[in-house]
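First comes the structure, then the notes that go with it.
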Amino acid sequence: MNHPRLQLRTPLLAVIFAIFVLPLSAQNFNIQERTLKNGMKVLVQEDPSIPNVALYTFFRVGSRNEHEGITGLSHFFEHMMFNGAKKYGPGQFDKAMEGAGGSNNAYTSNDLTVYQDWFPNSDLELIFDLESDRVQNLAFDPKIVESERQVVYSERRLSVDNNNFNLLDEQLEAAAIMAHPYHWSVIGWPSDIEKWTLDDLKTYFAKGYSPSNATMVVVGDVKADNVFRLAEKYMEPIPAHDPPPPVRTVEPKQLGERRVSVHKFAQLPIVEIGYHVPQAQGPDYYTLELLQALLTTGESSRLYRSLVDQQQLAIRVQSSHDATIDPYLFTLTVQPRQGVAPEKAEQALYAEVEKLKASGVDEHELQKAKNQVISSYYRSLRSINRRANVIGRYQVLFGDYNKLANVEQEYNKVTAADIQRAAKEYFDVNNRTVATLIPTAQDASDKGAAEGKQ
Amino acid sequence: MTRNLFKMIFSAVMVVALTAGSKAQSAAAPAQVFQLPAFQHVKLPNGLTLLLLEKHELPMISIDLALRSGSVTDPQGKEGAASLTASLLRKGTSTRNSEQVSADLDFIGMQYDARVDQDSTHISADFLKKDLDSALAILGDVVLHPTFPDDEVKKKIAQQQDSIKAAKDNAGQVMQLYFMKFLYGDHPYGRPANGDERSLAAISRDDIASFYREHYTPGNAVIAVSGDFDSAAMQSKISQAFGSWSGKAPAAKPVPALKPVSGKRVLLVDKPDATQTYFMIGNIGITETNPDRGPISVVNTLYGGRFTSLFNEELRIKSGYSYGAFSFFNELKSPGPFIMYTFTKNATTGPAIDKSFEVLARLHKDGFTPEELASAKTYINGSLPPQYETTPQLARTMTDLELAGITREQFNQNLVKAQGTTEADSRRMIDTYFPNQDFVMVMIGKASEIQKIAAKYAPNLATKKISDPGF
């Protein structure tokens with residue numbers, strides 16, 4: 001799950017299906033690249049179709065680089081980077097950018113902290129000045145840290161504590177992933193949000209937020225040479241740091257089904273099922289994307305058709321599969337109709353999954369899934385903002401934006417036999433964790449649901 | 001809903017877009033005026049209005065088919081009828097059953113959506129250029145030949161009732177529905193566009209079929225198409241797909257204009273599991289054709305329309321009370337609401353509400369300086385091009401303008417007018433359009449912890465439980 005800095009502001013990118021079927025030939029992407037002396041990579045795609053620019057900076061640091069006691073700190077930095085540096089003091093970063101016609105946001109995932117600037121082409125140098133100031137000279141004013149701590153806890157209340165789907169998802173991840181740092185959610189545990197110290201912040205900043213640990217992507221009405229010149233002027237002088245230490249822990253194989261439940265006031269239950277699956281650069285990434293389309297994309301998808309439409313057991317069913325650095329989860333979420341026992345919806349879901357494992361798919365259905373992901377891929381290219389995100393994620397999560405040129409082939413290679421094999425391999429009872437939200441009545445929760453320390 | 005907050009602000013703005021052909025070269029000059037590209041306007045013989053805008057960067061096409069009928073035309077006590085009609089179009093036609101429609105549109109990877117707001121219905125389709133014929137066949141079929149099978153009607157109603165209960169499990173999703181009901185009462189804008197648990201139960205297949213007969217006519221419809229096509233060829237394709245459609249526009253039923261309410265009214269909705277209080281403060285605002293909406297957008301940008309706005313600065317940046325604080329005018333045919341929206345943990349509910357009223361008082365007392373106004377104008381101008389960048393955005397913009405009766409020239413003039421906002425204009429906007437002493441406030445939160453606080457803000461506190469039917 002990504003946690004944007006300002007969720008209410010931009011309809012962004014939270015859902016990236018990472019669909020990279022390449023309909024345009026590689027040279028149509030026409031990306032120019034430069035690596036600065038400090039190790040920072042800059043990728044530029046010139047596109048003058050609107051007089052604006054999207055400048056995204058991807059730092060290869062996310063919640064997987066945290067440990068107990070500082071969970072959520074990457075996300076906290078996502079916020080702190082806006083709170084004042086040397087040349088631009090507290091509040092000045094946003095004031096300068098908005099006053100020049102630009103706007104910004106940022107998001108954090110398990111793997112990355114990403115800063116997004118959107119602005120008229122005339123602001124390019126100002127944006128470099130702002131970005132270099134905060135990367136080089138971020139301030140740590142204790143008063144501002146305390147205030148931002150409250151803001152982040154408010155975001156946690158909004159997006160997790162008072163959002164049943166995300167609350168359940170946090171519990172599912174913590175049960176499914178025991179050892180690897182994907183165990184905790186991106187936003188972090190409440191007690192860590194309340195207690196991380198200034199020293200924790202300074203140490204973490206030095207580890208993760210150096211240009212040497214970043215890739216910058218610029219898409220829009222710019223000239224690449226001009227971008228490179230400004231990158232050399234503003235970013236190159238910032239010294240390289242050592243990258244964050246490698247994440248050593250490998251999640252051990254799951255040996256049997258795990259179940260968790262959440263009892264809270266609600267009108268409708270939710271069931272979420274998670275299966276361990278490989279990372280973005282591992283086997284089966286594209287096969288799993290297609291499995292996702294087969295199961296839940298559109299009203300002709302297998303789970304919608306069976307659970308929502310035909311049996312009328314659920315009001316919705318959805319799935320998620322992210323491109324991640326380390327192995328993560330493929331999840332299926334179903335919200336049962338009122339009066340339908342969660343177990344019944346859960347069993348109906350398994351019945352469909354077993355059917356897929358036993359009989360596979362025919363060519364027509366596989367082609368449908370391919371057409372769905374291909375058209376979604378086109379959609380991900382049609383604004384400079386989304387394209388900057390796609391290019392950057394491909395570079396940092398798949399290792400090389402040039403791999404975009406092979407993606408269509410990768411999808412075309414997937415056969416019906418691959419689909420069936422992957423379904424059998426991953427959708428196994430011993431590989432799954434099931435989380436259920438069980439509604440309690442209004443009276444019961446009046447007593448027990450107070451927020452811990454608040 | 002939350003995602004739309006800022007979109008609403010921007011549609012209120014409707015500033016400049018794209019001078020076709022002449023790209024901004026300047027690095028230093030003031031922001032080049034960005035003008036909405038010219039689009040073609042055609043009236044077909046059956047009364048259907050067709051709007052066409054070519055855009056060739058990607059091999060995709062987006063269609064927005066809009067009707068001048070929205071939820072305000074729902075029969076009393078049958079709120080949700082317009083919305084159900086729209087969502088049932090795909091659930092069976094004279095030649096395809098529900099599953100065939102889904103299979104056909106999924107096979108080409110088409111995105112299809114049908115939804116209803118207060119004043120209009122929008123059916124949208126987004127697909128690859130190579131699938132144009134299939135896409136138009138599906139769209140024509142669901143709009144012209146739906147059969148509304150009885151079992152599908154019953155199923156959809158039951159699903160919709162449960163969806164409303166599910167939405168109430170997340171206060172942010174239903175906040176504005178409670179606010180609209182409490183502000184507008186029995187006025188048509190107070191009625192929920194997707195119905196509620198009770199009104200949906202009162203709707204029959206006959207209600208759906210009769211709503212369809214009256215409102216789904218070419219005289220009541222506008223089709224906007226943007227993307228990779230040739231306009232002449234597209235006009236002939238649309239004429240083929242929709243040429244057999246017939247019928248006049250229904251008699252217009254104008255919605256009465258409400259004046260801002262006087263006094264102070266507060267509603268508390270009890271959500272016993274809430275660890276934070278969500279609240280909206282506001283009053284009646286403006287219409288979508290208000291001549292002042294350009295200068296209003298400049299003032300609202302500074303007040304609660306961007307990150308560095310007064311409201312967000314006080315509630316988030318300075319105090320840490322909230323993750324975000326926003327204000328917006330929801331512009332409708334008849335005056336829509338002005339809303340301030342934020343949320344805070346239970347323990348800071350009182351201070352955060354006090355701070356919100358303090359900010360409102362400061363707006364009236366201090367207004368904004370010429371420097372602040374200049375910053376807002378630049379911000380608005382710079383944010384516009386990405387709002388009119390993609391084909392779905394452009395198709396929707398064209399139907400919105402057509403339904404509001406705003407020409408492209410007026411749209412552009414309004415942008416120029418926003419850029420000319422003076423300090424005196426901003427003072428007049430504040431005095432005229434922003435609430436001061438009179439307001440409506442709706443809070444959703446844990447009553448056992450915040451009821452005493454809520455009672456301080458109005459002589460008579462109204463209360464509800466989130467699990468009570470309706471809003």
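Here's how to read the names in the structure tokens: chain A, B, ... by the order shown, residue numbers from 1 in each chain, ligand numbers from 1 in the order shown.
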*Mind checking which residues fall within 7 Å of stretch 410-421 of chain A, counting only C-alpha atoms, ignoring those fewer than 2 positions away in the same chain, and posting them as a VMD selection string?*
chain A and resid 21 286 to 287 291 356 to 357 360 to 363 366 406 to 408 423 to 425
_Backbone-only DSSP, strand (DSSP E or B) members of stretch 223-317 of chain A, as a list in words_ =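 Taking stretch 223-317 of chain A and keeping strand (DSSP E or B) only, one gets Arg258, Arg259, Val260, Ser261, Val262, His263, Lys264, Phe265, Ile270, Val271, Glu272, Ile273, Gly274, Tyr275, His276, Val277, Ala314, Ile315, Arg316 and Val317 of chain A.
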_Expected answer as a PyMOL selection string: chain B residues within 7 Å of chain A, only C-alpha atoms_ = chain B and resi 2-3+6+23-24+26-28+99+102-103+106-109+128+159+162-163+165-166+169-170+272-276+308+316+319-323+344-345+375-376+378-383+385+389-390
Writing out the chosen residues with N, CA and C atoms as a compact mmCIF listing (two decimals), in the first residue's frame:
# COMPACT_ATOMS: atom_id res chain seq x y z
N THR B 2 -13.39 11.59 -1.47
CA THR B 2 -12.28 12.46 -1.12
C THR B 2 -11.45 12.86 -2.34
N ARG B 3 -11.28 11.94 -3.24
CA ARG B 3 -10.47 12.26 -4.40
C ARG B 3 -11.08 13.39 -5.20
N PHE B 6 -10.69 18.02 -4.71
CA PHE B 6 -9.94 19.03 -5.45
C PHE B 6 -10.37 19.12 -6.89
N LYS B 23 2.99 26.55 -29.09
CA LYS B 23 3.49 26.05 -27.80
C LYS B 23 4.18 27.16 -27.03
N ALA B 24 4.07 27.04 -25.73
CA ALA B 24 4.78 28.01 -24.89
C ALA B 24 6.27 27.77 -25.01
N SER B 26 8.45 30.26 -23.95
CA SER B 26 9.09 31.14 -22.99
C SER B 26 9.49 30.42 -21.73
N ALA B 27 10.65 30.75 -21.21
CA ALA B 27 11.04 30.22 -19.92
C ALA B 27 10.66 31.21 -18.83
N ALA B 28 10.68 32.49 -19.15
CA ALA B 28 10.54 33.48 -18.10
C ALA B 28 9.19 34.20 -18.14
N GLU B 99 -24.46 -11.11 -19.06
CA GLU B 99 -23.14 -11.73 -19.13
C GLU B 99 -22.48 -11.50 -20.48
N SER B 102 -21.02 -7.98 -20.54
CA SER B 102 -19.75 -7.95 -19.79
C SER B 102 -18.63 -8.64 -20.55
N ALA B 103 -18.95 -9.79 -21.12
CA ALA B 103 -17.93 -10.53 -21.87
C ALA B 103 -17.44 -9.70 -23.04
N ASP B 106 -15.40 -6.55 -21.77
CA ASP B 106 -14.11 -6.94 -21.19
C ASP B 106 -13.16 -7.47 -22.26
N PHE B 107 -13.70 -8.13 -23.29
CA PHE B 107 -12.80 -8.71 -24.29
C PHE B 107 -11.97 -7.66 -25.00
N ILE B 108 -12.52 -6.48 -25.16
CA ILE B 108 -11.72 -5.42 -25.80
C ILE B 108 -11.03 -4.52 -24.77
N GLY B 109 -11.08 -4.92 -23.51
CA GLY B 109 -10.40 -4.14 -22.47
C GLY B 109 -10.97 -2.74 -22.32
N LEU B 128 -9.37 1.09 -27.04
CA LEU B 128 -8.36 1.22 -28.09
C LEU B 128 -9.05 1.55 -29.41
N GLN B 159 -27.96 -5.23 -3.98
CA GLN B 159 -26.53 -4.92 -3.90
C GLN B 159 -26.31 -3.47 -3.50
N ASP B 162 -26.86 -2.89 0.20
CA ASP B 162 -25.71 -3.32 1.00
C ASP B 162 -24.51 -2.41 0.80
N SER B 163 -24.38 -1.87 -0.42
CA SER B 163 -23.24 -0.98 -0.68
C SER B 163 -23.34 0.28 0.16
N LYS B 165 -24.69 0.42 3.16
CA LYS B 165 -24.25 0.02 4.51
C LYS B 165 -22.74 -0.07 4.57
N ALA B 166 -22.15 -0.64 3.54
CA ALA B 166 -20.69 -0.76 3.52
C ALA B 166 -20.03 0.61 3.51
N ASP B 169 -19.52 2.25 6.77
CA ASP B 169 -18.41 1.79 7.59
C ASP B 169 -17.18 2.69 7.45
N ASN B 170 -17.19 3.60 6.48
CA ASN B 170 -16.09 4.55 6.32
C ASN B 170 -16.68 5.96 6.26
N PRO B 272 -19.67 4.70 16.63
CA PRO B 272 -19.05 4.39 17.93
C PRO B 272 -17.62 3.87 17.85
N ASP B 273 -17.19 3.39 16.67
CA ASP B 273 -15.82 2.89 16.56
C ASP B 273 -14.84 3.98 16.12
N ALA B 274 -15.33 5.19 15.87
CA ALA B 274 -14.46 6.22 15.28
C ALA B 274 -13.37 6.66 16.25
N THR B 275 -12.13 6.71 15.80
CA THR B 275 -11.06 7.28 16.61
C THR B 275 -10.72 8.69 16.15
N GLN B 276 -11.46 9.17 15.14
CA GLN B 276 -11.34 10.58 14.80
C GLN B 276 -12.71 11.11 14.40
N THR B 308 -0.90 25.16 0.59
CA THR B 308 -0.50 26.30 1.43
C THR B 308 -1.68 27.23 1.75
N ARG B 316 -3.35 21.78 9.55
CA ARG B 316 -2.33 20.75 9.37
C ARG B 316 -0.93 21.26 9.70
N SER B 319 -0.70 23.32 13.37
CA SER B 319 -1.20 22.70 14.59
C SER B 319 -1.04 21.19 14.61
N GLY B 320 -0.90 20.56 13.44
CA GLY B 320 -0.86 19.10 13.40
C GLY B 320 -2.19 18.45 13.75
N TYR B 321 -3.29 19.21 13.76
CA TYR B 321 -4.59 18.61 14.10
C TYR B 321 -5.03 17.56 13.08
N SER B 322 -4.66 17.79 11.83
CA SER B 322 -5.25 16.95 10.78
C SER B 322 -4.28 16.68 9.65
N TYR B 323 -4.51 15.59 8.97
CA TYR B 323 -3.76 15.24 7.75
C TYR B 323 -4.12 16.19 6.61
N THR B 344 -10.08 15.12 12.68
CA THR B 344 -9.05 15.18 13.72
C THR B 344 -9.35 14.13 14.77
N LYS B 345 -8.35 13.77 15.57
CA LYS B 345 -8.59 12.73 16.59
C LYS B 345 -9.63 13.21 17.60
N SER B 375 -0.14 35.03 -6.30
CA SER B 375 0.33 33.64 -6.14
C SER B 375 -0.78 32.65 -6.52
N ALA B 376 -2.00 32.94 -6.10
CA ALA B 376 -3.12 32.03 -6.42
C ALA B 376 -3.39 31.99 -7.92
N THR B 378 -1.26 32.50 -10.37
CA THR B 378 -0.20 31.73 -11.02
C THR B 378 -0.42 30.24 -10.78
N TYR B 379 -0.80 29.91 -9.56
CA TYR B 379 -1.05 28.50 -9.23
C TYR B 379 -2.16 27.92 -10.10
N ILE B 380 -3.25 28.66 -10.22
CA ILE B 380 -4.38 28.18 -11.03
C ILE B 380 -3.94 27.99 -12.48
N ASN B 381 -3.27 28.98 -13.01
CA ASN B 381 -2.84 28.91 -14.40
C ASN B 381 -1.90 27.72 -14.66
N GLY B 382 -0.99 27.50 -13.71
CA GLY B 382 -0.03 26.41 -13.88
C GLY B 382 -0.63 25.03 -13.74
N SER B 383 -1.74 24.93 -12.99
CA SER B 383 -2.35 23.61 -12.75
C SER B 383 -3.30 23.21 -13.86
N PRO B 385 -3.15 22.97 -17.48
CA PRO B 385 -2.90 22.05 -18.60
C PRO B 385 -3.06 20.57 -18.25
N GLU B 389 -5.56 17.32 -20.25
CA GLU B 389 -4.49 16.66 -20.99
C GLU B 389 -4.95 15.39 -21.69
N THR B 390 -5.80 14.59 -21.04
CA THR B 390 -6.11 13.26 -21.57
C THR B 390 -7.50 13.23 -22.19
Need to verify the contact set: A:Gly62, 8 Å, only C-alpha atoms, exclusion of same-chain residues closer than 3 positions in sequence. Can you return it as an mmCIF file with C-alpha atoms, in the first residue's frame?
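Just written: around_0.cif:
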data_model
loop_
_atom_site.group_PDB
_atom_site.id
_atom_site.type_symbol
_atom_site.label_atom_id
_atom_site.label_comp_id
_atom_site.auth_asym_id
_atom_site.auth_seq_id
_atom_site.Cartn_x
_atom_site.Cartn_y
_atom_site.Cartn_z
ATOM 1 C CA ASN A 65 14.658 -0.741 5.177
ATOM 2 C CA GLU A 66 13.187 -0.112 8.643
ATOM 3 C CA SER A 74 10.394 6.191 5.573
ATOM 4 C CA HIS A 75 6.872 7.484 5.307
ATOM 5 C CA THR A 108 5.921 5.817 0.166
ATOM 6 C CA SER A 109 5.717 2.099 -0.482
ATOM 7 C CA ASN A 110 7.372 -0.976 0.981
ATOM 8 C CA ASP A 111 10.356 -0.324 -1.274
ATOM 9 C CA LEU A 112 10.450 3.348 -2.257
ATOM 10 C CA THR A 113 9.977 6.952 -1.223
ATOM 11 C CA VAL A 186 4.217 1.370 5.367
#
*Got a sec to tell me which of stretch 285-357 of chain A DSSP assigns to alpha helix (DSSP H), as number ranges by chain?*
A: 285-296, 302-303, 342-357
*asked:* Please list as a PyMOL selection string every residue within 12 Å of B:Met429, counting only C-alpha atoms and excluding residues in the same chain fewer than 3 positions away.
replied: chain B and resi 285-286+290-300+303+363-364+367-368+418+421-426+432-435
*Work out how far apart atom CA of B:Ala233 and atom CA of B:Leu65 are and give it in Å to one decimal.*
18.3 Å
*Rounded to one decimal in Å, what is the spacing between atom CA of A:Ala348 and atom CA of A:Leu294?*
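Going from atom CA of A:Ala348 over to atom CA of A:Leu294, I get 16.2 Å.
Shortest atom-to-atom contact with B:Ser62 among B:Asp431, B:Asp150, B:Glu313, B:Asp131: B:Asp131, counting only C-alpha atoms.
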*Shell around stretch 350-355 of chain B at 12 Å using only C-alpha atoms, local window under 6 positions removed, as a ChimeraX atom specification*: /B:276-281,310-316,318-325,340-344,361-362,441-443,449-457
Pull C-alpha atoms from the residues just selected and write them as a JSON list (two decimals), in the first residue's frame.
[["chain", "number", "residue", "atom", "x", "y", "z"],
["B", 276, "GLN", "CA", -11.34, 10.58, 14.80],
["B", 277, "THR", "CA", -14.09, 13.10, 14.18],
["B", 278, "TYR", "CA", -14.89, 14.05, 10.58],
["B", 279, "PHE", "CA", -16.61, 17.39, 10.11],
["B", 280, "MET", "CA", -17.95, 19.65, 7.39],
["B", 281, "ILE", "CA", -18.91, 23.30, 7.86],
["B", 310, "LEU", "CA", -5.05, 29.35, 5.08],
["B", 311, "PHE", "CA", -7.27, 26.47, 6.22],
["B", 312, "ASN", "CA", -4.70, 23.70, 5.60],
["B", 313, "GLU", "CA", -1.92, 25.81, 7.05],
["B", 314, "GLU", "CA", -3.78, 26.26, 10.34],
["B", 315, "LEU", "CA", -5.27, 22.77, 10.68],
["B", 316, "ARG", "CA", -2.33, 20.75, 9.37],
["B", 318, "LYS", "CA", 0.86, 24.77, 12.16],
["B", 319, "SER", "CA", -1.20, 22.70, 14.59],
["B", 320, "GLY", "CA", -0.86, 19.10, 13.40],
["B", 321, "TYR", "CA", -4.59, 18.61, 14.10],
["B", 322, "SER", "CA", -5.25, 16.95, 10.78],
["B", 323, "TYR", "CA", -3.76, 15.24, 7.75],
["B", 324, "GLY", "CA", -5.63, 17.72, 5.58],
["B", 325, "ALA", "CA", -8.16, 20.56, 5.51],
["B", 340, "MET", "CA", -15.02, 23.24, 4.58],
["B", 341, "TYR", "CA", -13.89, 19.68, 5.37],
["B", 342, "THR", "CA", -11.38, 18.18, 7.75],
["B", 343, "PHE", "CA", -10.96, 15.53, 10.48],
["B", 344, "THR", "CA", -9.05, 15.18, 13.72],
["B", 361, "ALA", "CA", -13.38, 34.78, 10.92],
["B", 362, "ARG", "CA", -9.87, 35.68, 9.82],
["B", 441, "MET", "CA", -22.06, 21.77, 10.53],
["B", 442, "VAL", "CA", -22.17, 17.98, 10.34],
["B", 443, "MET", "CA", -19.89, 15.83, 12.47],
["B", 449, "GLU", "CA", -16.64, 11.26, 23.58],
["B", 450, "ILE", "CA", -17.64, 14.30, 21.54],
["B", 451, "GLN", "CA", -21.36, 14.98, 22.09],
["B", 452, "LYS", "CA", -20.76, 17.65, 24.74],
["B", 453, "ILE", "CA", -18.35, 19.42, 22.43],
["B", 454, "ALA", "CA", -20.79, 19.29, 19.51],
["B", 455, "ALA", "CA", -23.54, 20.83, 21.65],
["B", 456, "LYS", "CA", -21.49, 23.99, 22.20],
["B", 457, "TYR", "CA", -21.83, 25.10, 18.59]]
*What is the distance between atom CA of A:Leu167 and atom CA of B:Asn346, in Å to one decimal?*
18.5 Å
*asked:* For A:Glu251, find every residue with an atom within 7 Å (counting only C-alpha atoms), except residues of its own chain fewer than 5 positions away, and show them as number ranges by chain.
replied: A: 177, 179-180
Using the selection just defined, write its residues with C-alpha atoms as a PDB file, in the first residue's frame.
ATOM      1  CA  ILE A 177       4.923 -12.238   6.659  1.00  0.00           C
ATOM      2  CA  ALA A 179      10.310 -12.457   9.318  1.00  0.00           C
ATOM      3  CA  HIS A 180      10.825 -10.086   6.382  1.00  0.00           C
TER       4      HIS A 180
END
